[in-house]
Amino acid sequence: MDTKTVYLNGEYLPLNEAKVSVLDRGFLFGDGIYEVIPAYSGRLFRLQEHLERLENSLDSIRLVNPHSREQWSELLQPLLTPDQDQYIYLQITRGVAPKRDHAFPIPTVPTVFAMSSPIVPLPDLDQGVKAITVKDNRWGHCNIKAITLLANILQRQAAIDQGCAEAILVKEDYVTEGAASNIFVVLDGVLITPPKGPEILPGITRDLILEIAEANAISYCEDIIAFEALKSASEIWLTSSTREIIPVVNLDGADIADGKPGPLWHKMHQLYQAFKKAQ
């Protein structure tokens with residue numbers, strides 16, 4: 001693992017040789033953004049959508065994108081293995097400043113780091129997972145894929161400590177998303193996910209599921225999900241680029257419906273896998 005090749009500021013080098021200054025603003029302030037891009041059999045999946053989100057995050061923190069989309073594609077490809085399913089972790093910080101100062105350094109030379117890791121399928125996916133609900137106490141710009149993830153880390157760890165796979169976040173009396181995932185519920189046969197906005201990360205997998213639903217005449221909508229509605233949902237899903245679509249079968253100690261992944265999840269899972277193979 002220490003000798004696998006990573007990318008850092010224009011160089012491909014072994015991981016154990018990749019070094020970043022302690023004055024890097026990512027280290028000192030969490031001043032940066034990241035992106036996670038899956039790749040199946042060496043082919044980057046939904047790359048343009050991921051790069052668009054990257055651009056939006058960079059714009060939101062007033063950091064100039066150091067590369068064009070074509071350059072990003074060329075830069076990331078050498079990190080992939082053709083016969084493996086992997087994901088790229090890409091991080092861009094505001095770079096190294098001469099001193100610790102909250103104000104932006106001028107000029108700004110960003111630190112760019114990228115590496116690949118295997119995609120490890122969730123074991124017993126067709127059995128579903130357990131989740132808990134926790135208070136959403138994050139900041140007000142969750143649509144920025146920022147590296148400042150302490151709140152999310154504590155929320156996910158709270159779930160792990162209770163033998164669960166994820167924490168579903170509740171703000172006042174409605175649901176926002178998971179600690180590291182978007183959320184879908186099935187209510188009265190309709191697939192529902194919260195609308196985009198500053199309270200949720202605009203998930204690439206989330207958007208693809210809506211595209212697949214539209215193409216296959218699956219009834220869906222983007223709407224606020226009341227916390228109380230979770231108790232009557234027939235299905236709950238959590239989605240992300242590396243975990244894809246995970247069915248939640250138990251929430252806060254109570255089974256969802258019959259405690260098994262529902263029929264719409266089985267259908268969407270099959271459609272999603274078929275979409276991947278067709279790319």
# chains A, B, ... in the order shown; residues from 1 in each chain; ligands from 1
>>> select_by_dssp(residues="region 155-206 of chain A", states="strand (DSSP E)", output="list in words")
Glu166, Ala167, Ile168, Leu169, Val170, Lys171, Tyr174, Val175, Thr176, Glu177, Gly178, Asn182, Ile183, Phe184, Val185, Val186, Leu187, Val190, Leu191, Ile192 and Thr193 of chain A
>>> write_last_selection(atoms="N, CA and C atoms", output="PDB file, in the first residue's frame")
ATOM      1  N   GLU A 166     -24.955   3.593   8.994  1.00  0.00           N
ATOM      2  CA  GLU A 166     -25.026   5.012   8.648  1.00  0.00           C
ATOM      3  C   GLU A 166     -25.920   5.764   9.624  1.00  0.00           C
ATOM      4  N   ALA A 167     -25.679   7.066   9.708  1.00  0.00           N
ATOM      5  CA  ALA A 167     -26.533   7.970  10.466  1.00  0.00           C
ATOM      6  C   ALA A 167     -27.337   8.806   9.485  1.00  0.00           C
ATOM      7  N   ILE A 168     -28.644   8.835   9.657  1.00  0.00           N
ATOM      8  CA  ILE A 168     -29.533   9.668   8.850  1.00  0.00           C
ATOM      9  C   ILE A 168     -29.776  10.961   9.611  1.00  0.00           C
ATOM     10  N   LEU A 169     -29.541  12.088   8.955  1.00  0.00           N
ATOM     11  CA  LEU A 169     -29.531  13.378   9.632  1.00  0.00           C
ATOM     12  C   LEU A 169     -30.906  14.046   9.593  1.00  0.00           C
ATOM     13  N   VAL A 170     -31.292  14.564  10.748  1.00  0.00           N
ATOM     14  CA  VAL A 170     -32.603  15.196  10.896  1.00  0.00           C
ATOM     15  C   VAL A 170     -32.406  16.629  11.359  1.00  0.00           C
ATOM     16  N   LYS A 171     -33.003  17.563  10.611  1.00  0.00           N
ATOM     17  CA  LYS A 171     -32.908  18.984  10.936  1.00  0.00           C
ATOM     18  C   LYS A 171     -34.305  19.494  11.261  1.00  0.00           C
ATOM     19  N   TYR A 174     -37.446  17.523   9.677  1.00  0.00           N
ATOM     20  CA  TYR A 174     -37.337  16.903   8.354  1.00  0.00           C
ATOM     21  C   TYR A 174     -35.950  16.285   8.173  1.00  0.00           C
ATOM     22  N   VAL A 175     -35.847  15.400   7.180  1.00  0.00           N
ATOM     23  CA  VAL A 175     -34.624  14.649   6.917  1.00  0.00           C
ATOM     24  C   VAL A 175     -33.812  15.367   5.846  1.00  0.00           C
ATOM     25  N   THR A 176     -32.485  15.401   6.015  1.00  0.00           N
ATOM     26  CA  THR A 176     -31.634  16.025   4.999  1.00  0.00           C
ATOM     27  C   THR A 176     -30.914  14.955   4.166  1.00  0.00           C
ATOM     28  N   GLU A 177     -30.029  14.179   4.784  1.00  0.00           N
ATOM     29  CA  GLU A 177     -29.278  13.140   4.086  1.00  0.00           C
ATOM     30  C   GLU A 177     -28.585  12.259   5.104  1.00  0.00           C
ATOM     31  N   GLY A 178     -27.710  11.365   4.651  1.00  0.00           N
ATOM     32  CA  GLY A 178     -26.905  10.586   5.561  1.00  0.00           C
ATOM     33  C   GLY A 178     -25.601  11.302   5.866  1.00  0.00           C
ATOM     34  N   ASN A 182     -26.663  10.271   0.310  1.00  0.00           N
ATOM     35  CA  ASN A 182     -27.993  10.853   0.098  1.00  0.00           C
ATOM     36  C   ASN A 182     -29.046   9.836   0.497  1.00  0.00           C
ATOM     37  N   ILE A 183     -30.264  10.306   0.684  1.00  0.00           N
ATOM     38  CA  ILE A 183     -31.337   9.421   1.134  1.00  0.00           C
ATOM     39  C   ILE A 183     -32.509   9.430   0.160  1.00  0.00           C
ATOM     40  N   PHE A 184     -33.113   8.258  -0.010  1.00  0.00           N
ATOM     41  CA  PHE A 184     -34.360   8.082  -0.743  1.00  0.00           C
ATOM     42  C   PHE A 184     -35.326   7.316   0.156  1.00  0.00           C
ATOM     43  N   VAL A 185     -36.606   7.616   0.043  1.00  0.00           N
ATOM     44  CA  VAL A 185     -37.631   6.812   0.707  1.00  0.00           C
ATOM     45  C   VAL A 185     -38.725   6.485  -0.304  1.00  0.00           C
ATOM     46  N   VAL A 186     -39.426   5.404  -0.045  1.00  0.00           N
ATOM     47  CA  VAL A 186     -40.598   5.037  -0.847  1.00  0.00           C
ATOM     48  C   VAL A 186     -41.821   5.206   0.047  1.00  0.00           C
ATOM     49  N   LEU A 187     -42.701   6.124  -0.346  1.00  0.00           N
ATOM     50  CA  LEU A 187     -43.935   6.404   0.391  1.00  0.00           C
ATOM     51  C   LEU A 187     -45.112   6.282  -0.562  1.00  0.00           C
ATOM     52  N   VAL A 190     -44.253   5.941  -4.184  1.00  0.00           N
ATOM     53  CA  VAL A 190     -43.508   7.007  -4.852  1.00  0.00           C
ATOM     54  C   VAL A 190     -42.106   7.101  -4.258  1.00  0.00           C
ATOM     55  N   LEU A 191     -41.095   7.159  -5.118  1.00  0.00           N
ATOM     56  CA  LEU A 191     -39.713   7.319  -4.697  1.00  0.00           C
ATOM     57  C   LEU A 191     -39.451   8.804  -4.456  1.00  0.00           C
ATOM     58  N   ILE A 192     -38.995   9.146  -3.256  1.00  0.00           N
ATOM     59  CA  ILE A 192     -38.829  10.551  -2.872  1.00  0.00           C
ATOM     60  C   ILE A 192     -37.410  10.777  -2.348  1.00  0.00           C
ATOM     61  N   THR A 193     -36.815  11.893  -2.745  1.00  0.00           N
ATOM     62  CA  THR A 193     -35.527  12.319  -2.216  1.00  0.00           C
ATOM     63  C   THR A 193     -35.585  13.820  -1.975  1.00  0.00           C
TER      64      THR A 193
END
>>> residues_around(residues="Ala114 (chain A)", least_positions_apart="6", cutoff="9 Å", atoms="only C-alpha atoms", output="PyMOL selection string")
chain A and resi 6-8+76+79+88-92
>>> write_last_selection(atoms="N, CA and C atoms", output="PDB file, in the first residue's frame")
ATOM      1  N   VAL A   6       0.619   7.477  -6.416  1.00  0.00           N
ATOM      2  CA  VAL A   6      -0.349   8.556  -6.222  1.00  0.00           C
ATOM      3  C   VAL A   6       0.107   9.762  -7.032  1.00  0.00           C
ATOM      4  N   TYR A   7      -0.763  10.756  -7.125  1.00  0.00           N
ATOM      5  CA  TYR A   7      -0.430  11.995  -7.831  1.00  0.00           C
ATOM      6  C   TYR A   7      -0.364  13.120  -6.813  1.00  0.00           C
ATOM      7  N   LEU A   8       0.699  13.928  -6.872  1.00  0.00           N
ATOM      8  CA  LEU A   8       0.815  15.077  -5.991  1.00  0.00           C
ATOM      9  C   LEU A   8       1.531  16.202  -6.738  1.00  0.00           C
ATOM     10  N   LEU A  76      -5.847  11.699 -14.157  1.00  0.00           N
ATOM     11  CA  LEU A  76      -6.347  10.638 -13.278  1.00  0.00           C
ATOM     12  C   LEU A  76      -6.175   9.241 -13.872  1.00  0.00           C
ATOM     13  N   LEU A  79      -3.694   6.453 -12.684  1.00  0.00           N
ATOM     14  CA  LEU A  79      -3.869   5.902 -11.345  1.00  0.00           C
ATOM     15  C   LEU A  79      -4.763   4.662 -11.335  1.00  0.00           C
ATOM     16  N   ILE A  88     -11.369   7.043  -7.378  1.00  0.00           N
ATOM     17  CA  ILE A  88     -10.364   8.091  -7.249  1.00  0.00           C
ATOM     18  C   ILE A  88     -10.773   9.010  -6.107  1.00  0.00           C
ATOM     19  N   TYR A  89      -9.843   9.248  -5.197  1.00  0.00           N
ATOM     20  CA  TYR A  89     -10.015  10.316  -4.209  1.00  0.00           C
ATOM     21  C   TYR A  89      -9.167  11.484  -4.676  1.00  0.00           C
ATOM     22  N   LEU A  90      -9.795  12.623  -4.903  1.00  0.00           N
ATOM     23  CA  LEU A  90      -9.123  13.819  -5.399  1.00  0.00           C
ATOM     24  C   LEU A  90      -9.328  14.947  -4.392  1.00  0.00           C
ATOM     25  N   GLN A  91      -8.227  15.570  -3.965  1.00  0.00           N
ATOM     26  CA  GLN A  91      -8.309  16.661  -2.986  1.00  0.00           C
ATOM     27  C   GLN A  91      -7.521  17.864  -3.481  1.00  0.00           C
ATOM     28  N   ILE A  92      -8.133  19.033  -3.359  1.00  0.00           N
ATOM     29  CA  ILE A  92      -7.492  20.289  -3.737  1.00  0.00           C
ATOM     30  C   ILE A  92      -7.601  21.241  -2.555  1.00  0.00           C
TER      31      ILE A  92
END
>>> residues_around(residues="Cys142 (chain A)", least_positions_apart="2", cutoff="10 Å", atoms="only C-alpha atoms", output="PyMOL selection string")
chain A and resi 138-140+144-146+149+176+197-202
>>> write_last_selection(atoms="C-alpha atoms", output="PDB file, in the first residue's frame")
ATOM      1  CA  ARG A 138     -23.460  20.699  10.315  1.00  0.00           C
ATOM      2  CA  TRP A 139     -22.717  24.098   8.791  1.00  0.00           C
ATOM      3  CA  GLY A 140     -24.946  25.858   6.273  1.00  0.00           C
ATOM      4  CA  ILE A 144     -19.874  22.229  -1.022  1.00  0.00           C
ATOM      5  CA  LYS A 145     -17.825  19.030  -0.986  1.00  0.00           C
ATOM      6  CA  ALA A 146     -15.440  20.451   1.598  1.00  0.00           C
ATOM      7  CA  LEU A 149     -15.921  16.805   7.693  1.00  0.00           C
ATOM      8  CA  THR A 176     -31.634  16.025   4.999  1.00  0.00           C
ATOM      9  CA  GLY A 197     -29.961  23.068  -1.880  1.00  0.00           C
ATOM     10  CA  PRO A 198     -27.364  24.134   0.687  1.00  0.00           C
ATOM     11  CA  GLU A 199     -28.486  21.458   3.161  1.00  0.00           C
ATOM     12  CA  ILE A 200     -27.457  18.452   1.059  1.00  0.00           C
ATOM     13  CA  LEU A 201     -24.568  17.358  -1.108  1.00  0.00           C
ATOM     14  CA  PRO A 202     -25.674  17.155  -4.765  1.00  0.00           C
TER      15      PRO A 202
END
>>> residues_around(residues="Ala18 (chain A)", least_positions_apart="6", cutoff="12 Å", atoms="only C-alpha atoms", output="NGL selection string")
:A and (2-12 or 111-115)
>>> write_last_selection(atoms="C-alpha atoms", output="tab-separated table (two decimals), in the first residue's frame")
chain	number	residue	atom	x	y	z
A	2	ASP	CA	2.78	2.48	0.91
A	3	THR	CA	4.38	2.03	-2.51
A	4	LYS	CA	1.26	2.41	-4.65
A	5	THR	CA	1.41	5.30	-7.08
A	6	VAL	CA	-0.35	8.56	-6.22
A	7	TYR	CA	-0.43	12.00	-7.83
A	8	LEU	CA	0.82	15.08	-5.99
A	9	ASN	CA	1.37	18.50	-7.55
A	10	GLY	CA	2.37	17.32	-11.00
A	11	GLU	CA	4.20	14.15	-10.02
A	12	TYR	CA	3.33	10.45	-9.88
A	111	THR	CA	-2.12	21.59	-3.53
A	112	VAL	CA	-3.53	18.81	-5.74
A	113	PHE	CA	-3.52	15.21	-4.52
A	114	ALA	CA	-5.15	12.13	-6.06
A	115	MET	CA	-5.04	8.40	-5.41
>>> atom_distance(atom1="CA of Asp85 (chain A)", atom2="CA of Ala179 (chain A)")
23.8 Å
>>> residues_around(residues="Leu54 (chain A)", least_positions_apart="2", cutoff="9 Å", atoms="only C-alpha atoms", output="list in words")
Ile33, Tyr34, Glu35, Glu49, His50, Leu51, Glu52, Asn56, Ser57, Leu58, Asp59, Asn65, Ile144 and Lys145 of chain A
>>> write_last_selection(atoms="N, CA, C and O atoms", output="tab-separated table (two decimals), in the first residue's frame")
chain	number	residue	atom	x	y	z
A	33	ILE	N	-11.34	21.31	-0.94
A	33	ILE	CA	-12.49	20.50	-1.35
A	33	ILE	C	-11.96	19.14	-1.82
A	33	ILE	O	-10.77	18.95	-2.03
A	34	TYR	N	-12.89	18.20	-2.01
A	34	TYR	CA	-12.51	16.88	-2.49
A	34	TYR	C	-13.58	16.35	-3.42
A	34	TYR	O	-14.70	16.86	-3.47
A	35	GLU	N	-13.24	15.30	-4.13
A	35	GLU	CA	-14.20	14.62	-5.01
A	35	GLU	C	-13.86	13.14	-4.99
A	35	GLU	O	-12.70	12.75	-4.83
A	49	GLU	N	-19.98	14.67	-14.79
A	49	GLU	CA	-20.82	15.10	-13.67
A	49	GLU	C	-19.99	15.34	-12.41
A	49	GLU	O	-20.22	16.31	-11.66
A	50	HIS	N	-19.02	14.47	-12.16
A	50	HIS	CA	-18.15	14.66	-11.00
A	50	HIS	C	-17.29	15.92	-11.16
A	50	HIS	O	-17.09	16.67	-10.19
A	51	LEU	N	-16.80	16.16	-12.36
A	51	LEU	CA	-15.97	17.35	-12.58
A	51	LEU	C	-16.80	18.63	-12.49
A	51	LEU	O	-16.29	19.68	-12.07
A	52	GLU	N	-18.06	18.55	-12.89
A	52	GLU	CA	-18.93	19.72	-12.74
A	52	GLU	C	-19.13	20.04	-11.26
A	52	GLU	O	-19.09	21.21	-10.85
A	56	ASN	N	-18.05	23.42	-9.18
A	56	ASN	CA	-18.98	24.18	-8.34
A	56	ASN	C	-18.43	24.36	-6.92
A	56	ASN	O	-18.57	25.43	-6.32
A	57	SER	N	-17.81	23.30	-6.39
A	57	SER	CA	-17.23	23.39	-5.05
A	57	SER	C	-16.07	24.38	-5.03
A	57	SER	O	-15.94	25.20	-4.11
A	58	LEU	N	-15.21	24.32	-6.05
A	58	LEU	CA	-14.09	25.25	-6.13
A	58	LEU	C	-14.58	26.69	-6.24
A	58	LEU	O	-14.06	27.59	-5.56
A	59	ASP	N	-15.57	26.91	-7.08
A	59	ASP	CA	-16.13	28.25	-7.22
A	59	ASP	C	-16.69	28.76	-5.89
A	59	ASP	O	-16.54	29.94	-5.54
A	65	ASN	N	-9.90	26.61	-10.46
A	65	ASN	CA	-9.67	25.24	-10.89
A	65	ASN	C	-8.31	25.16	-11.58
A	65	ASN	O	-8.08	25.85	-12.57
A	144	ILE	N	-21.29	22.16	-0.67
A	144	ILE	CA	-19.87	22.23	-1.02
A	144	ILE	C	-19.20	20.96	-0.52
A	144	ILE	O	-19.32	20.61	0.66
A	145	LYS	N	-18.48	20.27	-1.39
A	145	LYS	CA	-17.83	19.03	-0.99
A	145	LYS	C	-16.49	19.38	-0.31
A	145	LYS	O	-15.40	19.18	-0.86
>>> residues_around(residues="Pro121 (chain A)", least_positions_apart="3", cutoff="12 Å", atoms="only C-alpha atoms", output="number ranges by chain")
A: 85-86, 118, 124-126, 241-246
>>> select_by_dssp(residues="region 53-196 of chain A", states="alpha helix (DSSP H)", output="ChimeraX atom specification")
/A:53-60,69-76,150-161
>>> residues_around(residues="region 254-269 of chain A", least_positions_apart="2", cutoff="9 Å", atoms="only C-alpha atoms", output="PDB file with N, CA and C atoms, in the first residue's frame")
ATOM      1  N   ASP A 126     -27.840  -7.573  -0.177  1.00  0.00           N
ATOM      2  CA  ASP A 126     -29.251  -7.924  -0.341  1.00  0.00           C
ATOM      3  C   ASP A 126     -29.954  -8.225   0.974  1.00  0.00           C
ATOM      4  N   GLN A 127     -29.208  -8.159   2.083  1.00  0.00           N
ATOM      5  CA  GLN A 127     -29.830  -8.306   3.401  1.00  0.00           C
ATOM      6  C   GLN A 127     -30.192  -6.959   4.020  1.00  0.00           C
ATOM      7  N   GLY A 128     -29.619  -5.882   3.458  1.00  0.00           N
ATOM      8  CA  GLY A 128     -29.889  -4.550   3.981  1.00  0.00           C
ATOM      9  C   GLY A 128     -29.021  -4.215   5.180  1.00  0.00           C
ATOM     10  N   LYS A 130     -28.597  -1.569   8.968  1.00  0.00           N
ATOM     11  CA  LYS A 130     -29.254  -0.802  10.027  1.00  0.00           C
ATOM     12  C   LYS A 130     -28.744   0.631  10.003  1.00  0.00           C
ATOM     13  N   VAL A 186     -39.426   5.404  -0.045  1.00  0.00           N
ATOM     14  CA  VAL A 186     -40.598   5.037  -0.847  1.00  0.00           C
ATOM     15  C   VAL A 186     -41.821   5.206   0.047  1.00  0.00           C
ATOM     16  N   GLY A 189     -45.748   4.148  -2.698  1.00  0.00           N
ATOM     17  CA  GLY A 189     -45.316   3.748  -4.030  1.00  0.00           C
ATOM     18  C   GLY A 189     -44.510   4.769  -4.798  1.00  0.00           C
ATOM     19  N   LEU A 191     -41.095   7.159  -5.118  1.00  0.00           N
ATOM     20  CA  LEU A 191     -39.713   7.319  -4.697  1.00  0.00           C
ATOM     21  C   LEU A 191     -39.451   8.804  -4.456  1.00  0.00           C
ATOM     22  N   ILE A 209     -29.928   8.012 -10.192  1.00  0.00           N
ATOM     23  CA  ILE A 209     -31.119   7.243  -9.810  1.00  0.00           C
ATOM     24  C   ILE A 209     -32.376   7.935 -10.321  1.00  0.00           C
ATOM     25  N   ILE A 212     -32.606   7.246 -14.018  1.00  0.00           N
ATOM     26  CA  ILE A 212     -33.060   5.871 -14.268  1.00  0.00           C
ATOM     27  C   ILE A 212     -34.549   5.741 -13.980  1.00  0.00           C
ATOM     28  N   ALA A 213     -35.006   6.377 -12.904  1.00  0.00           N
ATOM     29  CA  ALA A 213     -36.436   6.334 -12.580  1.00  0.00           C
ATOM     30  C   ALA A 213     -37.254   6.949 -13.706  1.00  0.00           C
ATOM     31  N   ILE A 218     -40.699   4.982 -13.349  1.00  0.00           N
ATOM     32  CA  ILE A 218     -40.828   4.807 -11.904  1.00  0.00           C
ATOM     33  C   ILE A 218     -41.266   6.142 -11.314  1.00  0.00           C
ATOM     34  N   LEU A 230     -40.532   8.833   7.920  1.00  0.00           N
ATOM     35  CA  LEU A 230     -39.620   7.691   7.902  1.00  0.00           C
ATOM     36  C   LEU A 230     -40.256   6.455   8.535  1.00  0.00           C
ATOM     37  N   LYS A 231     -41.073   6.679   9.533  1.00  0.00           N
ATOM     38  CA  LYS A 231     -41.677   5.558  10.256  1.00  0.00           C
ATOM     39  C   LYS A 231     -42.693   4.801   9.398  1.00  0.00           C
ATOM     40  N   SER A 232     -43.269   5.484   8.429  1.00  0.00           N
ATOM     41  CA  SER A 232     -44.273   4.833   7.582  1.00  0.00           C
ATOM     42  C   SER A 232     -43.742   4.494   6.197  1.00  0.00           C
ATOM     43  N   ALA A 233     -42.466   4.750   5.943  1.00  0.00           N
ATOM     44  CA  ALA A 233     -41.886   4.447   4.631  1.00  0.00           C
ATOM     45  C   ALA A 233     -41.832   2.940   4.417  1.00  0.00           C
ATOM     46  N   SER A 234     -42.120   2.512   3.200  1.00  0.00           N
ATOM     47  CA  SER A 234     -42.020   1.086   2.884  1.00  0.00           C
ATOM     48  C   SER A 234     -40.593   0.700   2.533  1.00  0.00           C
ATOM     49  N   GLU A 235     -39.783   1.696   2.102  1.00  0.00           N
ATOM     50  CA  GLU A 235     -38.375   1.456   1.806  1.00  0.00           C
ATOM     51  C   GLU A 235     -37.577   2.718   2.118  1.00  0.00           C
ATOM     52  N   ILE A 236     -36.334   2.524   2.551  1.00  0.00           N
ATOM     53  CA  ILE A 236     -35.380   3.618   2.730  1.00  0.00           C
ATOM     54  C   ILE A 236     -34.072   3.181   2.086  1.00  0.00           C
ATOM     55  N   TRP A 237     -33.494   4.074   1.264  1.00  0.00           N
ATOM     56  CA  TRP A 237     -32.205   3.781   0.625  1.00  0.00           C
ATOM     57  C   TRP A 237     -31.213   4.871   0.985  1.00  0.00           C
ATOM     58  N   GLU A 244     -22.999   2.898  -3.860  1.00  0.00           N
ATOM     59  CA  GLU A 244     -24.128   2.839  -4.782  1.00  0.00           C
ATOM     60  C   GLU A 244     -25.459   2.944  -4.033  1.00  0.00           C
ATOM     61  N   ILE A 245     -26.284   1.904  -4.011  1.00  0.00           N
ATOM     62  CA  ILE A 245     -27.621   2.005  -3.408  1.00  0.00           C
ATOM     63  C   ILE A 245     -27.736   0.971  -2.292  1.00  0.00           C
ATOM     64  N   ILE A 246     -27.858   1.438  -1.067  1.00  0.00           N
ATOM     65  CA  ILE A 246     -27.922   0.547   0.092  1.00  0.00           C
ATOM     66  C   ILE A 246     -29.331   0.593   0.686  1.00  0.00           C
ATOM     67  N   PRO A 247     -29.982  -0.558   0.830  1.00  0.00           N
ATOM     68  CA  PRO A 247     -31.301  -0.574   1.462  1.00  0.00           C
ATOM     69  C   PRO A 247     -31.180  -0.590   2.990  1.00  0.00           C
ATOM     70  N   VAL A 248     -31.911   0.294   3.652  1.00  0.00           N
ATOM     71  CA  VAL A 248     -31.975   0.308   5.112  1.00  0.00           C
ATOM     72  C   VAL A 248     -33.188  -0.524   5.537  1.00  0.00           C
ATOM     73  N   VAL A 249     -32.944  -1.523   6.355  1.00  0.00           N
ATOM     74  CA  VAL A 249     -34.033  -2.414   6.761  1.00  0.00           C
ATOM     75  C   VAL A 249     -34.414  -2.239   8.223  1.00  0.00           C
ATOM     76  N   ASN A 250     -33.597  -1.459   8.973  1.00  0.00           N
ATOM     77  CA  ASN A 250     -33.890  -1.225  10.393  1.00  0.00           C
ATOM     78  C   ASN A 250     -33.409   0.170  10.743  1.00  0.00           C
ATOM     79  N   LEU A 251     -34.288   0.965  11.336  1.00  0.00           N
ATOM     80  CA  LEU A 251     -33.964   2.342  11.680  1.00  0.00           C
ATOM     81  C   LEU A 251     -34.286   2.592  13.144  1.00  0.00           C
ATOM     82  N   ASP A 252     -33.297   3.018  13.894  1.00  0.00           N
ATOM     83  CA  ASP A 252     -33.465   3.291  15.330  1.00  0.00           C
ATOM     84  C   ASP A 252     -34.047   2.083  16.063  1.00  0.00           C
ATOM     85  N   LEU A 271     -31.393  -2.175 -12.422  1.00  0.00           N
ATOM     86  CA  LEU A 271     -31.301  -1.148 -13.455  1.00  0.00           C
ATOM     87  C   LEU A 271     -29.980  -0.380 -13.361  1.00  0.00           C
ATOM     88  N   TYR A 272     -29.536  -0.127 -12.159  1.00  0.00           N
ATOM     89  CA  TYR A 272     -28.286   0.599 -11.956  1.00  0.00           C
ATOM     90  C   TYR A 272     -27.098  -0.212 -12.454  1.00  0.00           C
ATOM     91  N   GLN A 273     -27.074  -1.505 -12.131  1.00  0.00           N
ATOM     92  CA  GLN A 273     -25.982  -2.361 -12.585  1.00  0.00           C
ATOM     93  C   GLN A 273     -25.982  -2.475 -14.117  1.00  0.00           C
ATOM     94  N   ALA A 274     -27.161  -2.543 -14.701  1.00  0.00           N
ATOM     95  CA  ALA A 274     -27.260  -2.610 -16.156  1.00  0.00           C
ATOM     96  C   ALA A 274     -26.755  -1.317 -16.791  1.00  0.00           C
TER      97      ALA A 274
END
>>> atom_distance(atom1="CA of Ala215 (chain A)", atom2="CA of Phe227 (chain A)")
29.0 Å
>>> closest_residue(among="A:Glu17, A:Asp161, A:Glu211, A:Asp31", to="Ala103 (chain A)", atoms="only C-alpha atoms")
A:Asp31
>>> atom_distance(atom1="CA of Val20 (chain A)", atom2="CA of Thr81 (chain A)")
25.5 Å
>>> closest_residue(among="A:Ile119, A:Leu238, A:Leu23, A:Val96", to="Ala165 (chain A)", atoms="only C-alpha atoms")
A:Leu238
>>> decode(residues="region 148-162 of chain A", atoms="N, CA and C atoms", output="mmCIF file, in the first residue's frame")
data_model
loop_
_atom_site.group_PDB
_atom_site.id
_atom_site.type_symbol
_atom_site.label_atom_id
_atom_site.label_comp_id
_atom_site.auth_asym_id
_atom_site.auth_seq_id
_atom_site.Cartn_x
_atom_site.Cartn_y
_atom_site.Cartn_z
ATOM 1 N N THR A 148 -13.642 19.708 5.318
ATOM 2 C CA THR A 148 -13.952 19.920 6.737
ATOM 3 C C THR A 148 -15.145 19.045 7.116
ATOM 4 N N LEU A 149 -14.876 17.822 7.515
ATOM 5 C CA LEU A 149 -15.921 16.805 7.693
ATOM 6 C C LEU A 149 -16.064 16.316 9.133
ATOM 7 N N LEU A 150 -15.620 17.101 10.117
ATOM 8 C CA LEU A 150 -15.639 16.617 11.492
ATOM 9 C C LEU A 150 -17.045 16.259 11.962
ATOM 10 N N ALA A 151 -18.028 17.089 11.637
ATOM 11 C CA ALA A 151 -19.400 16.781 12.057
ATOM 12 C C ALA A 151 -19.864 15.453 11.460
ATOM 13 N N ASN A 152 -19.589 15.250 10.160
ATOM 14 C CA ASN A 152 -19.979 14.003 9.500
ATOM 15 C C ASN A 152 -19.269 12.798 10.115
ATOM 16 N N ILE A 153 -17.992 12.973 10.461
ATOM 17 C CA ILE A 153 -17.237 11.887 11.076
ATOM 18 C C ILE A 153 -17.869 11.471 12.393
ATOM 19 N N LEU A 154 -18.221 12.441 13.234
ATOM 20 C CA LEU A 154 -18.824 12.127 14.528
ATOM 21 C C LEU A 154 -20.194 11.475 14.359
ATOM 22 N N GLN A 155 -20.945 11.926 13.354
ATOM 23 C CA GLN A 155 -22.265 11.331 13.105
ATOM 24 C C GLN A 155 -22.139 9.891 12.628
ATOM 25 N N ARG A 156 -21.222 9.630 11.683
ATOM 26 C CA ARG A 156 -21.022 8.261 11.203
ATOM 27 C C ARG A 156 -20.512 7.368 12.339
ATOM 28 N N GLN A 157 -19.597 7.885 13.164
ATOM 29 C CA GLN A 157 -19.069 7.068 14.253
ATOM 30 C C GLN A 157 -20.150 6.739 15.280
ATOM 31 N N ALA A 158 -21.079 7.664 15.494
ATOM 32 C CA ALA A 158 -22.202 7.379 16.394
ATOM 33 C C ALA A 158 -22.996 6.189 15.881
ATOM 34 N N ALA A 159 -23.152 6.089 14.558
ATOM 35 C CA ALA A 159 -23.847 4.946 13.966
ATOM 36 C C ALA A 159 -23.023 3.668 14.139
ATOM 37 N N ILE A 160 -21.738 3.738 13.861
ATOM 38 C CA ILE A 160 -20.872 2.572 13.995
ATOM 39 C C ILE A 160 -20.881 2.057 15.429
ATOM 40 N N ASP A 161 -20.847 2.971 16.384
ATOM 41 C CA ASP A 161 -20.834 2.582 17.794
ATOM 42 C C ASP A 161 -22.084 1.801 18.186
ATOM 43 N N GLN A 162 -23.165 1.990 17.443
ATOM 44 C CA GLN A 162 -24.414 1.272 17.720
ATOM 45 C C GLN A 162 -24.639 0.103 16.766
#
